[in-house]
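Here is the file protein01.cif (mmCIF, C-alpha atoms (C1' of nucleotides)).
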```cif
data_model
#
loop_
_atom_site.label_atom_id
_atom_site.label_comp_id
_atom_site.auth_asym_id
_atom_site.auth_seq_id
_atom_site.Cartn_x
_atom_site.Cartn_y
_atom_site.Cartn_z
CA MET A 1024 104.60 72.03 108.93
CA THR A 1025 104.21 74.80 106.42
CA LYS A 1026 104.68 72.41 103.56
CA GLU A 1027 101.62 70.35 102.89
CA VAL A 1028 100.54 67.98 100.20
CA SER A 1029 98.49 69.37 97.38
CA LYS A 1030 94.82 68.93 97.78
CA ILE A 1031 93.36 66.20 95.71
CA ALA A 1032 91.29 68.62 93.69
CA ASP A 1033 94.46 70.44 92.66
CA LYS A 1034 96.10 67.22 91.59
CA ILE A 1035 93.10 66.27 89.52
CA SER A 1036 93.16 69.64 87.86
CA GLN A 1037 96.87 69.33 87.15
CA VAL A 1038 96.70 65.90 85.57
CA GLN A 1039 93.80 67.09 83.50
CA THR A 1040 95.90 70.00 82.31
CA THR A 1041 98.60 67.58 81.23
CA LEU A 1042 96.11 65.19 79.69
CA ALA A 1043 94.61 68.00 77.66
CA VAL A 1044 98.01 68.70 76.10
CA ILE A 1045 99.16 65.16 75.36
CA ASN A 1046 95.69 63.95 74.62
CA GLY A 1047 95.04 61.19 72.12
CA LYS A 1048 97.02 58.36 70.66
CA TRP A 1049 99.38 60.39 68.55
CA LYS A 1050 100.94 63.41 70.19
CA LEU A 1051 103.50 61.55 72.25
CA PRO A 1052 104.47 59.21 69.42
CA ILE A 1053 105.02 62.28 67.25
CA LEU A 1054 107.13 63.94 69.92
CA LEU A 1055 109.11 60.73 70.35
CA SER A 1056 109.86 60.59 66.65
CA MET A 1057 110.92 64.19 66.76
CA TYR A 1058 113.09 63.63 69.82
CA SER A 1059 114.87 61.03 67.71
CA GLY A 1060 115.66 63.64 65.10
CA ILE A 1061 112.92 63.32 62.54
CA SER A 1062 111.60 66.67 61.39
CA ARG A 1063 109.71 66.32 58.15
CA PHE A 1064 106.15 65.40 57.43
CA ARG A 1065 106.73 62.36 55.24
CA ASP A 1066 109.48 61.08 57.47
CA LEU A 1067 107.23 61.36 60.48
CA GLN A 1068 104.47 59.57 58.67
CA ARG A 1069 106.78 56.75 57.67
CA ASN A 1070 108.17 56.53 61.17
CA ILE A 1071 104.90 56.38 63.06
CA PRO A 1072 102.99 53.20 62.34
CA ASN A 1073 99.48 53.62 60.98
CA ILE A 1074 99.18 57.37 61.22
CA THR A 1075 97.35 59.01 58.33
CA THR A 1076 98.13 62.36 56.72
CA ARG A 1077 94.96 63.84 58.05
CA VAL A 1078 95.69 62.91 61.62
CA LEU A 1079 99.34 63.82 61.40
CA SER A 1080 98.43 67.19 59.96
CA LYS A 1081 95.93 67.90 62.69
CA GLU A 1082 98.18 66.72 65.49
CA LEU A 1083 101.09 68.82 64.27
CA LYS A 1084 98.82 71.85 64.39
CA ASP A 1085 97.76 71.02 67.90
CA LEU A 1086 101.35 70.58 68.99
CA GLU A 1087 102.23 73.89 67.42
CA ALA A 1088 99.34 75.56 69.23
CA SER A 1089 100.63 74.09 72.48
CA LYS A 1090 104.07 75.59 71.76
CA LEU A 1091 105.70 72.20 71.77
CA ILE A 1092 106.86 72.41 68.17
CA LEU A 1093 107.57 75.07 65.57
CA ARG A 1094 106.76 74.91 61.89
CA VAL A 1095 109.61 76.32 59.84
CA VAL A 1096 109.27 76.95 56.12
CA HIS A 1097 112.47 76.77 54.13
CA ASP A 1098 112.38 78.73 50.91
CA THR A 1099 113.96 76.09 48.75
CA HIS A 1100 112.84 74.54 45.49
CA PRO A 1101 110.52 73.03 46.16
CA ILE A 1102 109.62 74.48 49.51
CA SER A 1103 110.59 72.24 52.36
CA ILE A 1104 109.04 72.33 55.75
CA GLU A 1105 110.72 71.44 58.96
CA TYR A 1106 109.05 70.77 62.30
CA LYS A 1107 111.27 71.71 65.17
CA LEU A 1108 110.96 70.92 68.84
CA THR A 1109 110.85 73.89 71.16
CA THR A 1110 112.92 73.88 74.34
CA TYR A 1111 109.63 73.77 76.14
CA SER A 1112 108.84 70.42 74.56
CA PHE A 1113 111.74 68.87 76.44
CA THR A 1114 110.09 69.58 79.77
CA LEU A 1115 107.79 66.71 78.85
CA THR A 1116 110.54 64.09 78.70
CA PRO A 1117 110.19 62.99 82.34
CA VAL A 1118 106.52 62.29 81.70
CA VAL A 1119 107.25 60.47 78.47
CA ASP A 1120 110.04 58.45 80.03
CA GLU A 1121 107.83 57.24 82.82
CA MET A 1122 105.20 56.26 80.32
CA ILE A 1123 107.74 54.31 78.29
CA LYS A 1124 108.88 52.51 81.40
CA TRP A 1125 105.37 51.67 82.44
CA GLY A 1126 104.38 50.51 78.98
CA LYS A 1127 107.40 48.25 78.87
CA GLN A 1128 106.50 46.64 82.20
CA HIS A 1129 102.84 46.43 81.37
CA SER A 1130 103.34 44.54 78.12
CA LYS A 1131 105.77 42.21 79.85
CA GLY A 1132 103.35 39.63 81.17
CA ASN A 1133 102.20 41.34 84.31
CA LEU A 1134 98.68 41.25 85.72
CA MET B 712 128.72 48.88 73.91
CA THR B 713 126.29 46.07 74.49
CA LYS B 714 123.79 48.35 76.09
CA GLU B 715 121.95 50.43 73.57
CA VAL B 716 118.99 52.73 73.67
CA SER B 717 115.63 51.29 72.78
CA LYS B 718 114.71 51.73 69.20
CA ILE B 719 112.31 54.52 68.59
CA ALA B 720 109.65 52.16 67.30
CA ASP B 721 109.72 50.29 70.60
CA LYS B 722 109.34 53.49 72.54
CA ILE B 723 106.39 54.52 70.44
CA SER B 724 104.79 51.18 71.01
CA GLN B 725 105.37 51.43 74.75
CA VAL B 726 103.88 54.89 75.17
CA GLN B 727 100.94 53.76 73.10
CA THR B 728 100.48 50.83 75.44
CA THR B 729 100.39 53.22 78.37
CA LEU B 730 98.15 55.66 76.58
CA ALA B 731 95.71 52.89 75.80
CA VAL B 732 95.34 52.15 79.50
CA ILE B 733 95.06 55.68 80.87
CA ASN B 734 93.31 57.13 77.85
CA GLY B 735 90.64 59.76 78.17
CA LYS B 736 90.06 62.60 80.56
CA TRP B 737 88.86 60.56 83.48
CA LYS B 738 90.86 57.46 84.34
CA LEU B 739 93.70 59.24 86.08
CA PRO B 740 91.41 61.61 87.99
CA ILE B 741 89.50 58.56 89.20
CA LEU B 742 92.69 56.83 90.26
CA LEU B 743 93.82 60.00 92.02
CA SER B 744 90.60 60.15 93.98
CA MET B 745 90.99 56.53 94.89
CA TYR B 746 94.62 57.02 95.91
CA SER B 747 93.27 59.60 98.33
CA GLY B 748 91.05 57.00 99.93
CA ILE B 749 87.73 57.39 98.19
CA SER B 750 86.15 54.09 97.29
CA ARG B 751 82.47 54.50 96.62
CA PHE B 752 80.57 55.48 93.53
CA ARG B 753 78.78 58.54 94.89
CA ASP B 754 81.83 59.74 96.72
CA LEU B 755 83.91 59.49 93.58
CA GLN B 756 81.30 61.36 91.63
CA ARG B 757 81.19 64.13 94.20
CA ASN B 758 84.96 64.29 94.33
CA ILE B 759 85.65 64.49 90.61
CA PRO B 760 84.39 67.74 89.11
CA ASN B 761 81.94 67.42 86.26
CA ILE B 762 81.98 63.69 85.81
CA THR B 763 78.60 62.15 85.08
CA THR B 764 77.29 58.84 86.35
CA ARG B 765 77.36 57.42 82.88
CA VAL B 766 81.01 58.23 82.33
CA LEU B 767 82.05 57.22 85.83
CA SER B 768 80.31 53.90 85.41
CA LYS B 769 82.02 53.19 82.11
CA GLU B 770 85.44 54.28 83.30
CA LEU B 771 85.24 52.12 86.42
CA LYS B 772 84.51 49.15 84.21
CA ASP B 773 87.49 49.96 82.02
CA LEU B 774 89.74 50.30 85.04
CA GLU B 775 88.51 47.00 86.35
CA ALA B 776 89.18 45.36 82.99
CA SER B 777 92.71 46.77 83.13
CA LYS B 778 93.17 45.20 86.58
CA LEU B 779 93.79 48.56 88.17
CA ILE B 780 90.80 48.37 90.47
CA LEU B 781 88.54 45.75 91.97
CA ARG B 782 84.82 45.93 92.47
CA VAL B 783 83.83 44.49 95.82
CA VAL B 784 80.22 43.90 96.77
CA HIS B 785 79.47 44.04 100.48
CA ASP B 786 76.42 42.11 101.51
CA THR B 787 74.97 44.75 103.75
CA HIS B 788 71.54 46.34 103.86
CA PRO B 789 71.35 47.85 101.46
CA ILE B 790 74.17 46.39 99.42
CA SER B 791 77.20 48.62 99.34
CA ILE B 792 79.87 48.52 96.74
CA GLU B 793 83.48 49.36 97.23
CA TYR B 794 86.05 50.02 94.55
CA LYS B 795 89.50 49.01 95.66
CA LEU B 796 92.85 49.77 94.14
CA THR B 797 94.96 46.78 93.20
CA THR B 798 98.64 46.71 94.07
CA TYR B 799 99.22 46.86 90.37
CA SER B 800 97.53 50.25 90.22
CA PHE B 801 100.28 51.73 92.34
CA THR B 802 102.86 51.03 89.65
CA LEU B 803 101.26 53.95 87.86
CA THR B 804 102.08 56.50 90.52
CA PRO B 805 105.42 57.58 88.98
CA VAL B 806 103.60 58.36 85.75
CA VAL B 807 100.84 60.20 87.55
CA ASP B 808 103.27 62.15 89.69
CA GLU B 809 105.20 63.37 86.67
CA MET B 810 101.96 64.43 85.05
CA ILE B 811 100.94 66.35 88.14
CA LYS B 812 104.29 68.09 88.20
CA TRP B 813 104.12 68.98 84.56
CA GLY B 814 100.56 70.20 84.79
CA LYS B 815 101.48 72.43 87.70
CA GLN B 816 104.35 73.98 85.76
CA HIS B 817 102.36 74.27 82.58
CA SER B 818 99.52 76.20 84.17
CA LYS B 819 102.02 78.43 85.92
CA GLY B 820 102.56 81.04 83.24
CA ASN B 821 105.15 79.28 81.18
CA LEU B 822 105.61 79.51 77.42
"C1'" DC C 144 106.95 66.29 48.72
"C1'" DC C 145 103.64 68.71 51.94
"C1'" DG C 146 99.92 68.84 53.14
"C1'" DA C 147 94.49 70.59 52.74
"C1'" DA C 148 89.69 69.14 51.64
"C1'" DT C 149 86.06 66.07 51.86
"C1'" DC C 150 83.45 62.37 53.52
"C1'" DC C 151 82.47 58.97 56.84
"C1'" DA C 152 82.76 55.69 60.90
"C1'" DA C 153 83.77 55.04 65.55
"C1'" DT C 154 84.43 56.56 70.10
"C1'" DA C 155 84.13 59.83 73.94
"C1'" DT C 156 81.68 62.82 76.46
"C1'" DG C 157 77.54 65.05 78.22
"C1'" DA C 158 72.50 65.81 80.01
"C1'" DT C 159 68.72 63.84 81.86
"C1'" DA C 160 65.66 60.49 83.47
"C1'" DC C 161 64.79 56.30 85.64
"C1'" DT C 162 65.29 51.58 88.19
"C1'" DG C 163 66.28 48.18 92.09
"C1'" DC D 504 73.24 54.15 96.97
"C1'" DA D 505 74.68 52.35 92.59
"C1'" DG D 506 74.08 52.36 88.77
"C1'" DT D 507 71.35 51.70 83.55
"C1'" DA D 508 68.83 53.73 79.56
"C1'" DT D 509 68.31 57.07 76.13
"C1'" DC D 510 69.46 60.75 73.40
"C1'" DA D 511 72.51 64.12 71.65
"C1'" DT D 512 76.87 66.36 70.54
"C1'" DA D 513 81.85 66.56 70.09
"C1'" DT D 514 86.06 64.70 69.07
"C1'" DT D 515 88.98 61.32 66.96
"C1'" DG D 516 90.45 58.34 63.50
"C1'" DG D 517 90.48 56.63 58.78
"C1'" DA D 518 90.17 56.56 53.42
"C1'" DT D 519 90.66 58.97 49.57
"C1'" DT D 520 91.31 62.73 46.64
"C1'" DC D 521 93.23 66.99 45.27
"C1'" DG D 522 96.37 71.23 44.82
"C1'" DG D 523 100.72 73.94 45.17
#
```

This entry written out as structure tokens:
Amino acid sequence: MTKEVSKIADKISQVQTTLAVINGKWKLPILLSMYSGISRFRDLQRNIPNITTRVLSKELKDLEASKLILRVVHDTHPISIEYKLTTYSFTLTPVVDEMIKWGKQHSKGNL
Amino acid sequence: MTKEVSKIADKISQVQTTLAVINGKWKLPILLSMYSGISRFRDLQRNIPNITTRVLSKELKDLEASKLILRVVHDTHPISIEYKLTTYSFTLTPVVDEMIKWGKQHSKGNL
DNA sequence: CCGAATCCAATATGATACTG
DNA sequence: CAGTATCATATTGGATTCGG
């Protein structure tokens, strides 16, 4: 066998890498809203229950720093700003989908 | 079409359910260590880089409250304590596996 | 409308020491 | 070995206000 399972330490490091990117309550909900086509600040805020402007603002910056979204300024009157998903952001969909599945099962009277 | 995609609000709620269970830097690393067969406090602490006793203790309690692990007291001399995975905990492996995959790709010079 | 700025509370994480 | 206690810092989340 040349192919072997990853060492546990590697796996831990890899999940922690992922956790560091999708960290917190809000980044995945924001990405989900954006996957559904929403691209503007106020629309995101209306779409995501209980998120405040401060948190949304900070999280959008984090997502931009992680190269998952792009902030595009349109020179209209007044200026409008669009948040766009990068192609890279779509590599996260398998993770998100599994989390949706699990959340659905979990809330469905298990335990 | 009777079959339709989940509404976005449902998806958000479901990921948030999942996030609430696996939240923080440590719960998945702990589960990973336990998946690999480690079951005792000191062994977990040695196996998970940089975790402190305080954090490990708290996280184990959280995991127990979430029914992902069980705390078993063996009446030996001295008393030994074993943390066991529940069958329920294994429903999380698809999520964890996707996160490992993504973390591996992400750290591998993407962007 | 799109946020930034400010202030504050709550939680998470960390370092260290100590107990049974 | 298996934690608890204490203290400190960092990060997150929330409320409100303000400016372009």

Point to revise | Output check: residues returned by the PyMOL selection byres ((chain C) within 10 of (chain B)), as a count of residues only | key: 4

**Study point:** Residue neighbourhood Glu775 in chain B, 12 Å, only C-alpha atoms (C1' of nucleotides), exclusion window fewer than 3 positions, as an NGL selection string
**Key:** (:A and (1134)) or (:B and (732 or 738 or 741-742 or 768-772 or 778-783 or 794-797 or 799-800))

Exercise for review: Using the chain letters and residue numbers of this document, give as a PyMOL selection string the residues selected by the PyMOL selection byres ((chain B) within 10 of (chain D)).
Suggested key: chain B and resi 751-753+764-765+767-768+789-792

Practice item. Find the distance between CA of Val1119 in chain A and CA of Thr1040 in chain A and write it in Å to one decimal. Key: 15.3 Å

Check your understanding: Expanded to explicit residues, what is the PyMOL selection byres ((chain B) within 6 of (chain A)) for this file, as JSON, numbers by chain?
Key -> {"B": [723, 725, 726, 728, 729, 740, 806, 809, 810, 811, 814, 815]}

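Shortest atom-to-atom contact with DC144 in chain C among A:Phe1113, A:Asp1066, A:Ile1061, A:Ala1088: A:Asp1066, counting all atoms listed in the file.
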
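Picture a line from C1' of DG163 in chain C to CA of Asp786 in chain B; it runs 15.1 Å.
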
Point to revise | Length of the C1' of DA148 in chain C to CA of Arg1069 in chain A vector [Å] | key: 22.0 Å

N, CA and C atoms are what I want for range 1061-1089 of chain A; can you complete it accordingly and write them as a tab-separated table (two decimals), keeping the file's coordinate frame?
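Wrote it out as part_5.tsv, contents follow:
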```
chain	number	residue	atom	x	y	z
A	1061	ILE	N	113.70	63.21	63.76
A	1061	ILE	CA	112.92	63.32	62.54
A	1061	ILE	C	112.17	64.65	62.53
A	1062	SER	N	112.16	65.31	61.38
A	1062	SER	CA	111.60	66.67	61.39
A	1062	SER	C	110.71	66.97	60.20
A	1063	ARG	N	110.55	66.02	59.30
A	1063	ARG	CA	109.71	66.32	58.15
A	1063	ARG	C	108.49	65.44	58.07
A	1064	PHE	N	107.46	66.03	57.46
A	1064	PHE	CA	106.15	65.40	57.43
A	1064	PHE	C	106.18	63.94	56.97
A	1065	ARG	N	106.74	63.72	55.78
A	1065	ARG	CA	106.73	62.36	55.24
A	1065	ARG	C	107.56	61.42	56.09
A	1066	ASP	N	108.64	61.93	56.62
A	1066	ASP	CA	109.48	61.08	57.47
A	1066	ASP	C	108.74	60.69	58.74
A	1067	LEU	N	108.02	61.66	59.30
A	1067	LEU	CA	107.23	61.36	60.48
A	1067	LEU	C	106.18	60.31	60.16
A	1068	GLN	N	105.53	60.51	59.03
A	1068	GLN	CA	104.47	59.57	58.67
A	1068	GLN	C	105.02	58.15	58.47
A	1069	ARG	N	106.19	58.07	57.87
A	1069	ARG	CA	106.78	56.75	57.67
A	1069	ARG	C	107.22	56.14	59.00
A	1070	ASN	N	107.61	57.01	59.91
A	1070	ASN	CA	108.17	56.53	61.17
A	1070	ASN	C	107.13	56.10	62.20
A	1071	ILE	N	105.94	56.66	62.07
A	1071	ILE	CA	104.90	56.38	63.06
A	1071	ILE	C	103.88	55.42	62.45
A	1072	PRO	N	103.84	54.21	62.95
A	1072	PRO	CA	102.99	53.20	62.34
A	1072	PRO	C	101.51	53.60	62.32
A	1073	ASN	N	100.93	53.46	61.16
A	1073	ASN	CA	99.48	53.62	60.98
A	1073	ASN	C	98.91	55.03	61.08
A	1074	ILE	N	99.75	56.03	61.16
A	1074	ILE	CA	99.18	57.37	61.22
A	1074	ILE	C	98.87	57.85	59.79
A	1075	THR	N	97.73	58.53	59.65
A	1075	THR	CA	97.35	59.01	58.33
A	1075	THR	C	97.75	60.49	58.18
A	1076	THR	N	97.73	60.96	56.95
A	1076	THR	CA	98.13	62.36	56.72
A	1076	THR	C	97.19	63.31	57.45
A	1077	ARG	N	95.93	62.97	57.43
A	1077	ARG	CA	94.96	63.84	58.05
A	1077	ARG	C	95.23	64.01	59.53
A	1078	VAL	N	95.45	62.88	60.19
A	1078	VAL	CA	95.69	62.91	61.62
A	1078	VAL	C	97.03	63.58	61.92
A	1079	LEU	N	98.04	63.21	61.17
A	1079	LEU	CA	99.34	63.82	61.40
A	1079	LEU	C	99.26	65.33	61.25
A	1080	SER	N	98.58	65.75	60.21
A	1080	SER	CA	98.43	67.19	59.96
A	1080	SER	C	97.75	67.89	61.13
A	1081	LYS	N	96.66	67.30	61.58
A	1081	LYS	CA	95.93	67.90	62.69
A	1081	LYS	C	96.76	67.91	63.97
A	1082	GLU	N	97.42	66.82	64.24
A	1082	GLU	CA	98.18	66.72	65.49
A	1082	GLU	C	99.36	67.70	65.48
A	1083	LEU	N	99.98	67.86	64.34
A	1083	LEU	CA	101.09	68.82	64.27
A	1083	LEU	C	100.58	70.23	64.57
A	1084	LYS	N	99.40	70.53	64.08
A	1084	LYS	CA	98.82	71.85	64.39
A	1084	LYS	C	98.55	72.01	65.88
A	1085	ASP	N	98.02	70.95	66.46
A	1085	ASP	CA	97.76	71.02	67.90
A	1085	ASP	C	99.06	71.22	68.69
A	1086	LEU	N	100.08	70.47	68.28
A	1086	LEU	CA	101.35	70.58	68.99
A	1086	LEU	C	101.95	71.97	68.82
A	1087	GLU	N	101.74	72.53	67.65
A	1087	GLU	CA	102.23	73.89	67.42
A	1087	GLU	C	101.46	74.88	68.31
A	1088	ALA	N	100.15	74.68	68.39
A	1088	ALA	CA	99.34	75.56	69.23
A	1088	ALA	C	99.73	75.45	70.71
A	1089	SER	N	100.20	74.28	71.09
A	1089	SER	CA	100.63	74.09	72.48
A	1089	SER	C	102.07	74.53	72.70
```
